[in-house]
Amino acid sequence: MAELAELIGKIVEVGTAEMLYFGKLVEVNEEEVYLETDSGWIVVPVEKVAYIREKDEG
């Protein structure tokens with residue numbers, strides 16, 4: 001998996017047990033992941049995140 005710092009500013013896929021989120025990764029701290037999307041901001045608690053990876057172009 002790419003280092004999270006390398007993914008800041010890129011379009012990513014964030015997977016949890018319940019949902020799949022897509023957006024620009026703006027910040028990751030010890031408590032939350034911040035994504036910017038066309039419809040607004042998404043904040044996901046870190047303990048719910050299964051993975052973060054760069055979104056495939058296809």
# chains A, B, ... in the order shown; residues from 1 in each chain; ligands from 1
>>> residues_around(residues="Glu13 of chain A", least_positions_apart="4", cutoff="9 Å", atoms="only C-alpha atoms", output="mmCIF file with N, CA and C atoms, in the first residue's frame")
data_model
loop_
_atom_site.group_PDB
_atom_site.id
_atom_site.type_symbol
_atom_site.label_atom_id
_atom_site.label_comp_id
_atom_site.auth_asym_id
_atom_site.auth_seq_id
_atom_site.Cartn_x
_atom_site.Cartn_y
_atom_site.Cartn_z
ATOM 1 N N LEU A 20 -18.208 2.296 0.751
ATOM 2 C CA LEU A 20 -17.053 2.604 -0.081
ATOM 3 C C LEU A 20 -17.171 4.084 -0.434
ATOM 4 N N TYR A 21 -16.140 4.853 -0.132
ATOM 5 C CA TYR A 21 -16.145 6.287 -0.364
ATOM 6 C C TYR A 21 -15.095 6.631 -1.413
ATOM 7 N N PHE A 22 -15.410 7.643 -2.242
ATOM 8 C CA PHE A 22 -14.472 8.153 -3.236
ATOM 9 C C PHE A 22 -14.381 9.655 -3.070
ATOM 10 N N GLY A 23 -13.171 10.188 -3.159
ATOM 11 C CA GLY A 23 -12.986 11.627 -3.087
ATOM 12 C C GLY A 23 -11.519 11.971 -3.017
ATOM 13 N N LYS A 24 -11.243 13.270 -2.985
ATOM 14 C CA LYS A 24 -9.865 13.732 -2.867
ATOM 15 C C LYS A 24 -9.449 13.663 -1.409
ATOM 16 N N LEU A 25 -8.380 12.951 -1.141
ATOM 17 C CA LEU A 25 -7.871 12.819 0.220
ATOM 18 C C LEU A 25 -7.218 14.134 0.621
ATOM 19 N N TYR A 51 -9.231 0.164 4.401
ATOM 20 C CA TYR A 51 -8.121 0.479 3.493
ATOM 21 C C TYR A 51 -8.334 1.845 2.861
ATOM 22 N N ILE A 52 -7.239 2.399 2.376
ATOM 23 C CA ILE A 52 -7.236 3.621 1.560
ATOM 24 C C ILE A 52 -6.290 3.346 0.415
ATOM 25 N N ARG A 53 -6.781 3.513 -0.814
ATOM 26 C CA ARG A 53 -5.921 3.325 -1.971
ATOM 27 C C ARG A 53 -6.298 4.304 -3.074
ATOM 28 N N GLU A 54 -5.350 4.561 -3.952
ATOM 29 C CA GLU A 54 -5.613 5.467 -5.066
ATOM 30 C C GLU A 54 -6.661 4.839 -5.970
ATOM 31 N N LYS A 55 -7.616 5.655 -6.405
ATOM 32 C CA LYS A 55 -8.692 5.156 -7.255
ATOM 33 C C LYS A 55 -8.151 4.834 -8.638
ATOM 34 N N ASP A 56 -8.571 3.705 -9.169
ATOM 35 C CA ASP A 56 -8.196 3.321 -10.521
ATOM 36 C C ASP A 56 -8.827 4.278 -11.517
#
>>> select_by_dssp(residues="chain A", states="strand (DSSP E or B)", output="number ranges by chain")
A: 11-16, 20-28, 32-37, 40-45, 49-54
>>> residues_around(residues="Thr16 of chain A", least_positions_apart="3", cutoff="7 Å", atoms="only C-alpha atoms", output="PyMOL selection string")
chain A and resi 19-20+48-50
>>> closest_residue(among="A:Glu6, A:Val46, A:Ile11, A:Ala17", to="Asn29 of chain A", atoms="only C-alpha atoms")
A:Val46
